[in-house]
$ cat input_21.cif   # mmCIF, C-alpha atoms and all ligand atoms
data_coords
#
loop_
_atom_site.label_atom_id
_atom_site.label_comp_id
_atom_site.auth_asym_id
_atom_site.auth_seq_id
_atom_site.Cartn_x
_atom_site.Cartn_y
_atom_site.Cartn_z
CA MET A 229 163.58 -46.45 139.03
CA ARG A 230 165.64 -45.71 135.96
CA VAL A 231 168.26 -43.03 136.62
CA LEU A 232 170.69 -41.07 134.44
CA LEU A 233 173.73 -39.61 136.23
CA ILE A 234 175.62 -36.83 134.46
CA GLY A 235 179.36 -36.35 135.04
CA SER A 236 182.65 -38.22 135.06
CA GLY A 237 184.60 -37.41 138.23
CA GLY A 238 185.22 -38.91 141.67
CA ARG A 239 182.13 -37.07 142.92
CA GLU A 240 180.00 -38.88 140.35
CA HIS A 241 181.61 -42.26 141.12
CA ALA A 242 180.66 -41.80 144.79
CA LEU A 243 177.11 -40.80 143.79
CA ALA A 244 176.85 -43.79 141.43
CA TRP A 245 178.07 -46.14 144.17
CA LYS A 246 175.43 -44.88 146.60
CA ILE A 247 172.60 -44.74 144.03
CA ALA A 248 173.44 -48.28 142.92
CA ALA A 249 172.94 -49.46 146.53
CA SER A 250 169.33 -48.25 146.55
CA PRO A 251 166.59 -50.91 146.44
CA LEU A 252 164.54 -48.43 144.38
CA LEU A 253 167.00 -48.58 141.48
CA THR A 254 166.27 -50.78 138.49
CA LYS A 255 168.73 -49.28 136.01
CA LEU A 256 171.53 -46.71 136.27
CA TYR A 257 173.08 -44.99 133.25
CA ALA A 258 175.97 -42.53 133.41
CA ALA A 259 177.11 -40.03 130.80
CA PRO A 260 179.96 -39.89 130.12
CA GLY A 261 181.13 -41.66 133.33
CA ASN A 262 184.54 -43.29 133.84
CA PRO A 263 185.80 -46.87 134.32
CA GLY A 264 184.97 -46.85 138.06
CA ILE A 265 181.44 -45.57 137.40
CA GLY A 266 181.23 -48.28 134.74
CA ARG A 267 181.18 -50.89 137.53
CA GLU A 268 177.95 -49.37 138.91
CA ALA A 269 176.24 -48.07 135.78
CA GLU A 270 175.93 -48.54 132.04
CA LEU A 271 178.06 -45.84 130.44
CA VAL A 272 176.49 -43.94 127.57
CA ARG A 273 178.15 -41.83 124.93
CA LEU A 274 176.17 -38.62 125.07
CA ASP A 275 177.31 -35.07 124.45
CA ILE A 276 175.98 -33.54 127.66
CA ALA A 277 176.30 -30.03 126.19
CA ASP A 278 173.67 -31.11 123.62
CA HIS A 279 170.57 -30.85 125.81
CA ALA A 280 168.24 -32.02 123.04
CA ALA A 281 170.27 -35.24 122.79
CA VAL A 282 170.04 -35.74 126.57
CA VAL A 283 166.24 -35.24 126.41
CA ARG A 284 166.00 -37.75 123.56
CA PHE A 285 168.04 -40.31 125.53
CA CYS A 286 165.79 -39.86 128.57
CA ARG A 287 162.66 -40.37 126.47
CA GLU A 288 163.97 -43.43 124.66
CA ASN A 289 165.20 -45.02 127.88
CA GLU A 290 162.26 -44.04 130.11
CA ILE A 291 164.46 -42.21 132.62
CA ASP A 292 162.63 -41.37 135.87
CA LEU A 293 165.27 -39.06 137.34
CA VAL A 294 168.35 -37.22 136.03
CA VAL A 295 171.05 -36.46 138.62
CA VAL A 296 173.44 -33.72 137.51
CA GLY A 297 176.90 -33.86 139.15
CA PRO A 298 178.96 -30.89 137.86
CA GLU A 299 178.18 -27.17 137.71
CA GLY A 300 178.87 -26.64 134.00
CA PRO A 301 175.65 -28.25 132.68
CA LEU A 302 173.59 -26.61 135.47
CA VAL A 303 174.84 -23.12 134.65
CA ALA A 304 174.13 -23.95 130.98
CA GLY A 305 170.49 -24.70 131.89
CA ILE A 306 170.29 -28.48 131.49
CA ALA A 307 167.79 -28.79 134.37
CA ASP A 308 165.44 -26.26 132.71
CA ASP A 309 165.61 -28.01 129.35
CA LEU A 310 164.83 -31.40 130.91
CA ARG A 311 162.00 -30.11 133.12
CA ALA A 312 160.45 -28.31 130.16
CA GLN A 313 160.01 -31.78 128.64
CA GLY A 314 158.51 -33.24 131.81
CA ILE A 315 161.68 -35.07 132.89
CA ARG A 316 162.44 -35.06 136.64
CA VAL A 317 165.82 -33.63 137.64
CA PHE A 318 167.91 -33.35 140.77
CA GLY A 319 169.72 -30.02 140.33
CA PRO A 320 169.00 -26.29 140.16
CA SER A 321 167.63 -24.26 137.26
CA LYS A 322 169.92 -21.98 135.30
CA ALA A 323 168.57 -18.96 137.22
CA ALA A 324 169.19 -20.68 140.59
CA ALA A 325 172.67 -21.88 139.53
CA ARG A 326 173.70 -18.21 139.36
CA LEU A 327 174.54 -18.69 143.05
CA GLU A 328 177.64 -20.46 141.72
CA GLY A 329 177.81 -19.02 138.20
CA SER A 330 178.03 -15.37 139.24
CA LYS A 331 179.86 -14.27 142.38
CA GLY A 332 178.44 -10.75 141.95
CA PHE A 333 174.86 -12.11 141.92
CA THR A 334 175.50 -13.93 145.20
CA LYS A 335 177.15 -10.93 146.85
CA ASP A 336 174.20 -8.71 145.92
CA LEU A 337 171.75 -11.30 147.33
CA CYS A 338 173.78 -11.38 150.58
CA ALA A 339 173.65 -7.58 150.78
CA ARG A 340 169.86 -7.51 150.22
CA TYR A 341 169.10 -10.22 152.79
CA GLY A 342 171.68 -9.31 155.42
CA ILE A 343 173.64 -12.55 154.97
CA PRO A 344 177.07 -12.33 156.65
CA THR A 345 179.86 -12.31 154.05
CA ALA A 346 183.03 -10.33 153.26
CA ALA A 347 182.55 -6.63 152.36
CA TYR A 348 182.92 -6.20 148.60
CA GLY A 349 182.78 -4.11 145.45
CA ARG A 350 181.79 -5.16 141.88
CA PHE A 351 183.67 -3.68 138.94
CA GLY A 352 183.43 -3.85 135.15
CA ASP A 353 186.62 -1.94 134.36
CA LEU A 354 190.23 -1.88 135.53
CA ALA A 355 190.40 1.81 136.53
CA SER A 356 187.56 1.73 139.06
CA ALA A 357 188.65 -1.67 140.46
CA ARG A 358 192.19 -0.36 140.85
CA ALA A 359 190.99 2.76 142.67
CA TYR A 360 188.98 0.60 145.14
CA VAL A 361 191.91 -1.74 145.78
CA GLU A 362 194.35 1.14 146.28
CA LYS A 363 191.99 2.76 148.74
CA THR A 364 191.29 -0.46 150.70
CA GLY A 365 194.84 -1.88 150.71
CA ALA A 366 196.10 -5.47 151.19
CA PRO A 367 195.47 -8.22 152.17
CA ILE A 368 192.52 -8.31 149.80
CA VAL A 369 190.79 -10.91 147.61
CA ILE A 370 190.24 -10.59 143.82
CA LYS A 371 187.68 -12.84 142.10
CA ALA A 372 186.67 -13.23 138.46
CA ASP A 373 182.87 -13.05 138.46
CA GLY A 374 182.08 -16.19 136.44
CA LEU A 375 183.10 -19.86 136.42
CA ALA A 376 186.88 -20.15 136.10
CA ALA A 377 187.44 -23.81 137.06
CA GLY A 378 188.59 -22.87 140.57
CA LYS A 379 191.35 -20.62 139.20
CA GLY A 380 189.61 -17.23 139.28
CA VAL A 381 190.40 -16.34 142.92
CA THR A 382 193.54 -14.55 144.15
CA VAL A 383 194.08 -14.02 147.85
CA ALA A 384 196.53 -11.11 147.56
CA MET A 385 198.74 -10.47 150.57
CA THR A 386 200.31 -7.38 148.94
CA LEU A 387 198.98 -4.48 146.87
CA ASP A 388 201.22 -5.49 143.93
CA GLU A 389 199.72 -9.00 143.86
CA ALA A 390 196.22 -7.54 143.98
CA LEU A 391 196.88 -5.16 141.09
CA ALA A 392 198.49 -7.96 139.03
CA ALA A 393 195.40 -10.14 139.63
CA LEU A 394 193.07 -7.33 138.52
CA GLU A 395 195.11 -6.86 135.36
CA ALA A 396 194.98 -10.61 134.63
CA CYS A 397 191.16 -10.59 134.92
CA PHE A 398 190.67 -7.61 132.65
CA ASP A 399 193.34 -8.92 130.23
CA GLY A 400 191.04 -11.82 129.48
CA SER A 401 192.99 -14.55 131.35
CA PHE A 402 189.65 -16.03 132.44
CA GLY A 403 187.75 -15.19 129.25
CA GLN A 404 184.21 -13.96 129.79
CA ALA A 405 184.33 -15.09 133.45
CA GLY A 406 186.75 -12.22 134.20
CA ALA A 407 184.90 -9.44 132.35
CA GLU A 408 183.51 -8.48 135.75
CA VAL A 409 185.46 -8.62 138.99
CA VAL A 410 184.47 -8.87 142.65
CA VAL A 411 186.94 -7.40 145.15
CA GLU A 412 186.50 -8.65 148.71
CA GLU A 413 187.60 -8.06 152.25
CA PHE A 414 190.10 -10.70 153.45
CA LEU A 415 188.48 -12.95 156.07
CA THR A 416 190.35 -14.91 158.73
CA GLY A 417 189.20 -18.01 160.58
CA GLU A 418 188.76 -21.69 159.86
CA GLU A 419 187.14 -22.81 156.60
CA ALA A 420 184.41 -25.43 156.39
CA SER A 421 182.16 -26.86 153.69
CA PHE A 422 178.48 -27.14 154.59
CA PHE A 423 175.93 -28.94 152.43
CA CYS A 424 172.14 -28.77 152.22
CA LEU A 425 169.66 -30.68 150.10
CA CYS A 426 167.07 -28.21 148.83
CA ASP A 427 163.69 -28.53 147.15
CA GLY A 428 162.88 -24.90 146.33
CA THR A 429 161.41 -24.18 149.76
CA THR A 430 163.06 -26.40 152.38
CA ALA A 431 166.80 -26.78 153.01
CA LEU A 432 167.83 -29.95 154.84
CA PRO A 433 171.34 -29.93 156.41
CA PHE A 434 173.32 -32.62 154.61
CA GLY A 435 176.69 -32.87 156.29
CA THR A 436 179.91 -30.98 156.79
CA ALA A 437 183.46 -31.45 155.54
CA GLN A 438 186.83 -29.77 155.25
CA ASP A 439 188.89 -30.00 152.13
CA HIS A 440 192.53 -29.30 151.39
CA LYS A 441 192.72 -26.99 148.39
CA ARG A 442 196.49 -26.51 148.34
CA LEU A 443 198.70 -28.90 146.38
CA SER A 444 201.32 -29.69 149.01
CA ASP A 445 201.74 -30.81 152.61
CA GLY A 446 201.21 -28.20 155.31
CA ASP A 447 198.58 -26.51 153.10
CA THR A 448 201.23 -24.90 150.90
CA GLY A 449 201.65 -24.59 147.12
CA PRO A 450 199.16 -23.63 144.42
CA ASN A 451 195.38 -23.98 144.71
CA THR A 452 193.81 -27.12 143.23
CA GLY A 453 190.29 -28.52 142.95
CA GLY A 454 190.98 -30.28 146.28
CA MET A 455 193.66 -32.81 147.29
CA GLY A 456 191.63 -34.53 150.00
CA ALA A 457 188.81 -34.03 152.47
CA TYR A 458 187.28 -35.39 155.64
CA SER A 459 183.88 -35.35 157.30
CA PRO A 460 182.50 -34.23 159.69
CA ALA A 461 184.20 -30.83 160.13
CA PRO A 462 184.90 -30.34 163.85
CA VAL A 463 184.21 -26.55 163.71
CA MET A 464 180.67 -27.25 162.51
CA THR A 465 179.18 -27.96 165.93
CA PRO A 466 175.38 -28.32 166.20
CA GLU A 467 175.24 -24.65 167.34
CA MET A 468 177.31 -23.49 164.37
CA ILE A 469 175.09 -25.49 162.00
CA ASP A 470 171.99 -23.84 163.55
CA ARG A 471 173.49 -20.38 163.12
CA THR A 472 174.52 -21.12 159.53
CA MET A 473 171.01 -22.31 158.70
CA ARG A 474 169.38 -19.28 160.31
CA GLU A 475 171.80 -16.56 159.20
CA ILE A 476 172.94 -17.84 155.79
CA VAL A 477 171.01 -20.74 154.23
CA GLU A 478 167.42 -19.84 155.16
CA PRO A 479 167.62 -16.20 153.98
CA THR A 480 169.23 -17.48 150.77
CA MET A 481 166.35 -19.90 150.16
CA ARG A 482 163.87 -17.10 150.85
CA GLY A 483 165.74 -14.66 148.62
CA MET A 484 165.92 -17.11 145.72
CA ALA A 485 162.20 -17.91 145.97
CA GLU A 486 161.32 -14.21 146.14
CA THR A 487 163.42 -13.42 143.07
CA GLY A 488 161.57 -16.12 141.10
CA ALA A 489 164.46 -18.62 141.12
CA PRO A 490 163.67 -21.09 143.93
CA PHE A 491 166.71 -23.23 144.65
CA SER A 492 166.57 -27.02 144.40
CA GLY A 493 169.50 -29.43 144.38
CA VAL A 494 172.63 -29.28 146.54
CA LEU A 495 173.54 -25.96 148.09
CA PHE A 496 177.21 -26.10 149.07
CA ALA A 497 178.22 -23.18 151.29
CA GLY A 498 181.95 -22.48 151.55
CA LEU A 499 182.20 -20.88 154.99
CA MET A 500 184.76 -18.99 157.01
CA ILE A 501 184.13 -19.52 160.71
CA THR A 502 185.32 -16.20 162.09
CA ASP A 503 185.39 -14.99 165.68
CA LYS A 504 182.05 -13.31 164.93
CA GLY A 505 180.46 -16.49 163.59
CA PRO A 506 179.97 -18.06 160.15
CA LYS A 507 180.50 -15.95 157.03
CA LEU A 508 179.77 -17.05 153.49
CA ILE A 509 182.85 -17.22 151.23
CA GLU A 510 181.01 -18.62 148.24
CA TYR A 511 178.21 -20.89 147.11
CA ASN A 512 178.45 -23.88 144.82
CA THR A 513 175.29 -25.41 143.43
CA ARG A 514 176.46 -29.05 143.40
CA PHE A 515 178.33 -31.44 145.66
CA GLY A 516 181.99 -30.70 146.39
CA ASP A 517 184.63 -32.90 144.84
CA PRO A 518 186.19 -34.61 146.87
CA GLU A 519 183.79 -33.67 149.72
CA CYS A 520 180.99 -35.74 148.17
CA GLN A 521 183.11 -38.88 148.45
CA VAL A 522 183.36 -38.58 152.25
CA LEU A 523 179.67 -37.65 152.62
CA MET A 524 178.57 -40.71 150.64
CA MET A 525 180.82 -42.89 152.79
CA ARG A 526 179.01 -41.65 155.93
CA LEU A 527 175.43 -41.53 154.62
CA LYS A 528 173.29 -44.22 156.22
CA ASP A 529 170.05 -43.49 154.38
CA ASP A 530 169.06 -44.34 150.82
CA LEU A 531 170.43 -41.52 148.63
CA LEU A 532 167.86 -42.09 145.92
CA VAL A 533 164.99 -41.54 148.40
CA LEU A 534 166.56 -38.20 149.37
CA LEU A 535 167.21 -37.09 145.77
CA ASN A 536 163.60 -37.94 144.89
CA ALA A 537 162.30 -35.94 147.86
CA ALA A 538 164.37 -32.94 146.75
CA ALA A 539 163.18 -33.25 143.14
CA ASP A 540 159.53 -33.51 144.27
CA GLY A 541 159.49 -30.71 146.88
CA GLN A 542 159.07 -33.20 149.75
CA LEU A 543 162.08 -32.41 151.94
CA ALA A 544 159.97 -30.91 154.74
CA HIS A 545 158.87 -34.49 155.52
CA THR A 546 162.35 -36.01 155.27
CA SER A 547 165.29 -36.54 157.63
CA VAL A 548 168.84 -37.80 157.14
CA ARG A 549 170.82 -40.29 159.18
CA TRP A 550 174.60 -40.62 159.21
CA ARG A 551 176.86 -43.43 160.30
CA ASP A 552 178.53 -42.72 163.59
CA GLU A 553 181.92 -42.70 161.87
CA ALA A 554 184.32 -40.23 160.29
CA ALA A 555 185.44 -40.52 156.67
CA LEU A 556 188.54 -39.27 154.90
CA THR A 557 189.62 -39.26 151.27
CA VAL A 558 193.06 -38.77 149.74
CA VAL A 559 193.36 -37.66 146.11
CA MET A 560 196.00 -39.33 143.95
CA ALA A 561 196.92 -36.99 141.11
CA ALA A 562 198.98 -37.42 137.96
CA ARG A 563 202.42 -35.82 137.76
CA GLY A 564 202.04 -32.30 136.34
CA TYR A 565 198.73 -31.50 138.10
CA PRO A 566 197.44 -28.78 138.60
CA GLY A 567 199.26 -27.62 135.44
CA THR A 568 199.30 -30.11 132.57
CA PRO A 569 198.98 -33.64 133.97
CA GLU A 570 200.75 -36.52 132.21
CA LYS A 571 198.22 -38.90 130.70
CA GLY A 572 198.48 -42.59 129.92
CA SER A 573 200.60 -44.03 132.77
CA VAL A 574 199.45 -47.47 133.92
CA ILE A 575 197.90 -47.88 137.40
CA ARG A 576 197.99 -51.33 139.04
CA GLY A 577 196.51 -52.84 142.17
CA VAL A 578 193.43 -50.63 142.57
CA GLU A 579 190.90 -53.45 143.01
CA ALA A 580 193.09 -55.24 145.55
CA ALA A 581 193.69 -52.06 147.58
CA ALA A 582 189.99 -51.57 148.45
CA GLY A 583 188.55 -53.50 151.36
CA GLU A 584 186.34 -53.34 154.43
CA GLY A 585 185.53 -49.65 154.98
CA VAL A 586 187.74 -48.54 152.08
CA GLU A 587 186.37 -47.44 148.70
CA ILE A 588 188.49 -46.29 145.79
CA PHE A 589 186.61 -43.83 143.63
CA HIS A 590 187.80 -43.13 140.11
CA ALA A 591 188.10 -39.58 138.77
CA GLY A 592 190.40 -39.11 135.74
CA THR A 593 190.90 -42.73 134.69
CA ALA A 594 190.51 -44.57 131.40
CA ILE A 595 191.02 -48.08 130.04
CA ASN A 596 193.71 -48.43 127.40
CA GLY A 597 194.48 -51.84 125.92
CA GLY A 598 192.82 -53.51 128.91
CA ALA A 599 194.92 -51.55 131.45
CA LEU A 600 193.73 -48.83 133.82
CA VAL A 601 195.54 -45.59 132.97
CA ALA A 602 195.64 -41.98 134.17
CA ASN A 603 193.46 -39.72 132.06
CA GLY A 604 193.26 -36.44 133.97
CA GLY A 605 194.69 -34.39 136.83
CA ARG A 606 192.94 -35.84 139.86
CA VAL A 607 192.83 -39.56 139.15
CA LEU A 608 191.82 -41.66 142.20
CA ASN A 609 190.18 -40.91 145.56
CA ILE A 610 191.24 -43.33 148.28
CA THR A 611 188.37 -43.10 150.76
CA ALA A 612 188.08 -44.73 154.17
CA ALA A 613 185.75 -44.73 157.18
CA GLY A 614 186.92 -45.02 160.78
CA ARG A 615 185.86 -44.37 164.37
CA THR A 616 187.96 -41.19 164.27
CA VAL A 617 189.46 -39.05 161.50
CA GLY A 618 192.83 -40.45 162.59
CA GLU A 619 191.68 -44.04 162.08
CA ALA A 620 190.15 -43.21 158.69
CA GLN A 621 193.41 -41.48 157.73
CA LYS A 622 195.49 -44.58 158.64
CA LYS A 623 193.20 -46.85 156.64
CA ALA A 624 193.18 -44.56 153.60
CA TYR A 625 196.97 -44.27 153.44
CA ALA A 626 197.46 -48.02 154.05
CA ALA A 627 195.21 -48.71 151.03
CA LEU A 628 196.89 -46.01 148.96
CA ASP A 629 200.31 -47.53 149.60
CA ARG A 630 199.11 -50.81 148.07
CA ILE A 631 198.46 -49.07 144.72
CA ASP A 632 201.25 -49.40 142.20
CA TRP A 633 201.42 -46.13 140.24
CA PRO A 634 204.89 -44.54 140.15
CA GLN A 635 203.64 -41.53 138.13
CA GLY A 636 201.01 -40.60 140.72
CA PHE A 637 201.41 -38.42 143.80
CA CYS A 638 199.38 -37.33 146.82
CA ARG A 639 199.59 -35.28 149.97
CA ARG A 640 200.62 -37.28 153.04
CA ASP A 641 198.86 -35.08 155.61
CA ILE A 642 195.16 -35.01 154.69
CA GLY A 643 193.14 -34.39 157.87
CA TRP A 644 196.14 -33.12 159.88
CA LEU A 645 194.24 -30.46 161.80
CA ALA A 646 191.44 -32.80 162.86
CA VAL A 647 193.91 -35.54 163.77
CA ALA A 648 195.97 -33.10 165.87
CA ARG A 649 192.77 -32.05 167.68
CA GLU A 650 191.81 -35.68 168.33
CA GLN A 651 195.27 -36.37 169.75
CA ALA A 652 195.06 -33.29 172.01
CA ASN A 653 191.72 -34.46 173.48
P1 LIG B 701 186.97 -20.16 145.92
O1 LIG B 701 187.57 -20.58 144.61
O2 LIG B 701 185.97 -19.06 145.84
O3 LIG B 701 186.54 -21.37 146.72
O4 LIG B 701 188.14 -19.54 146.78
C1 LIG B 701 189.32 -20.26 146.93
C2 LIG B 701 189.86 -20.03 148.30
O5 LIG B 701 190.22 -18.65 148.46
C3 LIG B 701 188.87 -20.28 149.42
O6 LIG B 701 188.77 -21.62 149.76
C4 LIG B 701 189.50 -19.46 150.53
O7 LIG B 701 190.57 -20.18 151.11
C5 LIG B 701 190.07 -18.28 149.82
N1 LIG B 701 189.16 -17.11 149.91
C6 LIG B 701 188.15 -16.78 149.09
N2 LIG B 701 187.54 -15.65 149.50
C7 LIG B 701 188.18 -15.25 150.63
C8 LIG B 701 188.05 -14.14 151.53
N3 LIG B 701 187.14 -13.18 151.34
N4 LIG B 701 188.90 -14.07 152.58
C9 LIG B 701 189.87 -15.00 152.77
N5 LIG B 701 190.05 -16.07 151.95
C10 LIG B 701 189.22 -16.20 150.89
N1 LIG B 702 186.44 -29.22 146.64
C1 LIG B 702 185.89 -27.95 146.36
C2 LIG B 702 184.88 -27.93 145.28
O1 LIG B 702 184.35 -28.94 144.87
O2 LIG B 702 184.57 -26.83 144.83
#
$ encode --input "input_21.cif" --output "structure tokens"
Amino acid sequence: MRVLLIGSGGREHALAWKIAASPLLTKLYAAPGNPGIGREAELVRLDIADHAAVVRFCRENEIDLVVVGPEGPLVAGIADDLRAQGIRVFGPSKAAARLEGSKGFTKDLCARYGIPTAAYGRFGDLASARAYVEKTGAPIVIKADGLAAGKGVTVAMTLDEALAALEACFDGSFGQAGAEVVVEEFLTGEEASFFCLCDGTTALPFGTAQDHKRLSDGDTGPNTGGMGAYSPAPVMTPEMIDRTMREIVEPTMRGMAETGAPFSGVLFAGLMITDKGPKLIEYNTRFGDPECQVLMMRLKDDLLVLLNAAADGQLAHTSVRWRDEAALTVVMAARGYPGTPEKGSVIRGVEAAAGEGVEIFHAGTAINGGALVANGGRVLNITAAGRTVGEAQKKAYAALDRIDWPQGFCRRDIGWLAVAREQAN
């Protein structure tokens, strides 16, 4: 099979690594990719926002399957434009990607299908949003409706914070994404990420993880795209997975099919496990980054077989097997992240740091004058497998400490909650 992978982050490096291991693969291209992905795939210069150019590339290179990593191209309709030309795609249509692209769309679907989620209101102007927030009181959660690169959510512990967040949205801080606002009830519990592979009709559970969104140790500091993750998530017991499938994922699949936008691709449910059971915080319509890295580390089966089954509507006849191990990944970021990261600092010792059960996935890296340099905020994902989360954590940090990059930083406590639980048992 000839495959084109779209994207350039750590998530896509992990996908490339797993796709490249498939006996079905004859040729892997990646656009635009990064130097790590370049070890697994031929990198192609393609403007992925130019869908006609992507179609042309697929035709000229006889691509059998396009795998779309990030949400941006999905929300822009790349899957529709490829399918319209008869090219097979793993990833949802533009209409189905609204599950990630519009928080209001998802909340309305939850309301119609009785899917447990935080109580909410949708507002298109400051005055009515303000009135709702003043009536409800804090703590309360303010969300820009559209894609805001993970920055559109404010968990406001006070009324003043909530009102300031509303003003920022309607001031245009998030551009068009903030023209509409969702105001939500504040949920308490433990968060978990739950993944399903979907083919329009069937959703196949595809692993659990927990990520660390905050910048600093002890889950403090500003929100980021994710500073580390581990899998599996201990709160996602088999019973909790069954409930999540029945109460959240299956009604969503039914609702999307009934509204004429059947969902295929990865459905990533961000959950709050409350004392009343699982509640949906949000959907993403792609793999999590860095959650994908730990899932790929644990996946026993051939990823390409599974992606094909999803693309062809064959998931009802498919199962997934996992290694009997935990995996953990630590993000190394460039100084300045999540604000303006410093680019260009030289990173040494990456190849030598990997080893048995340790993979180092590249995210924001580049080659400059033959040297590996930082070229983004989140730069490397040091990923390890172990019998326990604690063992994976030790291996990941031991590898990380062999990397010579003075301008990089990381959290030192990824997996702390799971490790504390393991030690208590
Ligand atoms: P998001 O960008 O939608 O993933 O939200 C970022 C983070 O905000 C989530 O991971 C949660 O920690 C928090 N959050 C979002 N919605 C709620 C809610 N309704 N109640 C409590 N926390 C929330
Ligand atoms: N790590 C969270 C996300 O990918 O959205």
$ closest_residue --input "input_21.cif" --among "A:Arg526, A:Arg514, A:Lys504, A:Lys322" --to "ligand LIG 702 (chain B)" --atoms "all atoms listed in the file"
A:Arg514
$ residues_near_ligand --input "input_21.cif" --ligand "ligand LIG 701 (chain B)" --cutoff "8 Å" --atoms "only C-alpha atoms and all ligand atoms" --output "list in words"
Thr345, Ala346, Ile368, Val369, Lys371, Gly378, Lys379, Gly380, Val381, Thr382, Val383, Glu412, Glu413, Phe414, Leu415, Thr416, Glu419, Lys441, Asn451, Gly498, Met500, Ile509 and Glu510 of chain A
$ residues_near_ligand --input "input_21.cif" --ligand "ligand LIG 702 (chain B)" --cutoff "12 Å" --atoms "all atoms listed in the file" --output "ChimeraX atom specification"
/A:237-240,297-299,328,375-379,419-423,437-442,451-458,494-499,509-522,557,559,606
$ residues_near_point --input "input_21.cif" --point "(170.8, -17.4, 140.8)" --cutoff "12 Å" --atoms "all atoms listed in the file" --output "compact mmCIF listing (two decimals) with C-alpha atoms, in the coordinates of the input"
# COMPACT_ATOMS: atom_id res chain seq x y z
CA LEU A 302 173.59 -26.61 135.47
CA VAL A 303 174.84 -23.12 134.65
CA GLY A 305 170.49 -24.70 131.89
CA PRO A 320 169.00 -26.29 140.16
CA SER A 321 167.63 -24.26 137.26
CA LYS A 322 169.92 -21.98 135.30
CA ALA A 323 168.57 -18.96 137.22
CA ALA A 324 169.19 -20.68 140.59
CA ALA A 325 172.67 -21.88 139.53
CA ARG A 326 173.70 -18.21 139.36
CA LEU A 327 174.54 -18.69 143.05
CA GLU A 328 177.64 -20.46 141.72
CA GLY A 329 177.81 -19.02 138.20
CA SER A 330 178.03 -15.37 139.24
CA LYS A 331 179.86 -14.27 142.38
CA GLY A 332 178.44 -10.75 141.95
CA PHE A 333 174.86 -12.11 141.92
CA THR A 334 175.50 -13.93 145.20
CA LYS A 335 177.15 -10.93 146.85
CA ASP A 336 174.20 -8.71 145.92
CA LEU A 337 171.75 -11.30 147.33
CA CYS A 338 173.78 -11.38 150.58
CA THR A 480 169.23 -17.48 150.77
CA MET A 481 166.35 -19.90 150.16
CA GLY A 483 165.74 -14.66 148.62
CA MET A 484 165.92 -17.11 145.72
CA ALA A 485 162.20 -17.91 145.97
CA GLU A 486 161.32 -14.21 146.14
CA THR A 487 163.42 -13.42 143.07
CA GLY A 488 161.57 -16.12 141.10
CA ALA A 489 164.46 -18.62 141.12
CA PRO A 490 163.67 -21.09 143.93
CA PHE A 491 166.71 -23.23 144.65
CA SER A 492 166.57 -27.02 144.40
CA LEU A 495 173.54 -25.96 148.09
CA TYR A 511 178.21 -20.89 147.11
CA ASN A 512 178.45 -23.88 144.82
CA THR A 513 175.29 -25.41 143.43
$ closest_residue --input "input_21.cif" --among "A:Leu556, A:Ala307, A:Gly264, A:Leu645" --to "Glu579 in chain A" --atoms "only C-alpha atoms"
A:Gly264
$ residues_around --input "input_21.cif" --residues "Trp550 in chain A" --least-positions-apart "4" --cutoff "8 Å" --atoms "only C-alpha atoms" --output "list in words"
Arg526, Leu527, Lys528 and Asp529 of chain A
$ atom_distance --input "input_21.cif" --atom1 "CA of Arg649 in chain A" --atom2 "CA of Gly614 in chain A"
15.8 Å
$ closest_residue --input "input_21.cif" --among "A:Leu354, A:Ala602, A:Val231, A:Cys397" --to "Glu290 in chain A" --atoms "all atoms listed in the file"
A:Val231
$ closest_residue --input "input_21.cif" --among "A:Ala591, A:Val548, A:Leu310, A:Ile631" --to "Gly235 in chain A" --atoms "all atoms listed in the file"
A:Ala591
$ closest_residue --input "input_21.cif" --among "A:Lys571, A:Arg267, A:Arg316, A:Arg340" --to "Val283 in chain A" --atoms "only C-alpha atoms"
A:Arg316
$ closest_residue --input "input_21.cif" --among "A:Leu233, A:Leu293, A:Gly261, A:Ala242" --to "Asp540 in chain A" --atoms "only C-alpha atoms"
A:Leu293
$ atom_distance --input "input_21.cif" --atom1 "CA of Val272 in chain A" --atom2 "CA of Asp427 in chain A"
28.0 Å
$ atom_distance --input "input_21.cif" --atom1 "CA of Trp245 in chain A" --atom2 "CA of Val574 in chain A"
23.7 Å
$ residues_around --input "input_21.cif" --residues "Glu389 in chain A" --least-positions-apart "3" --cutoff "10 Å" --atoms "all atoms listed in the file" --output "list of chain:residue names"
A:Ala366, A:Pro367, A:Ile368, A:Val369, A:Ile370, A:Thr382, A:Val383, A:Ala384, A:Met385, A:Thr386, A:Ala392, A:Ala393, A:Leu394, A:Glu395
$ write_last_selection --input "input_21.cif" --atoms "C-alpha atoms" --output "mmCIF file, keeping the file's coordinate frame"
data_model
loop_
_atom_site.group_PDB
_atom_site.id
_atom_site.type_symbol
_atom_site.label_atom_id
_atom_site.label_comp_id
_atom_site.auth_asym_id
_atom_site.auth_seq_id
_atom_site.Cartn_x
_atom_site.Cartn_y
_atom_site.Cartn_z
ATOM 1 C CA ALA A 366 196.100 -5.470 151.190
ATOM 2 C CA PRO A 367 195.470 -8.220 152.170
ATOM 3 C CA ILE A 368 192.520 -8.310 149.800
ATOM 4 C CA VAL A 369 190.790 -10.910 147.610
ATOM 5 C CA ILE A 370 190.240 -10.590 143.820
ATOM 6 C CA THR A 382 193.540 -14.550 144.150
ATOM 7 C CA VAL A 383 194.080 -14.020 147.850
ATOM 8 C CA ALA A 384 196.530 -11.110 147.560
ATOM 9 C CA MET A 385 198.740 -10.470 150.570
ATOM 10 C CA THR A 386 200.310 -7.380 148.940
ATOM 11 C CA ALA A 392 198.490 -7.960 139.030
ATOM 12 C CA ALA A 393 195.400 -10.140 139.630
ATOM 13 C CA LEU A 394 193.070 -7.330 138.520
ATOM 14 C CA GLU A 395 195.110 -6.860 135.360
#
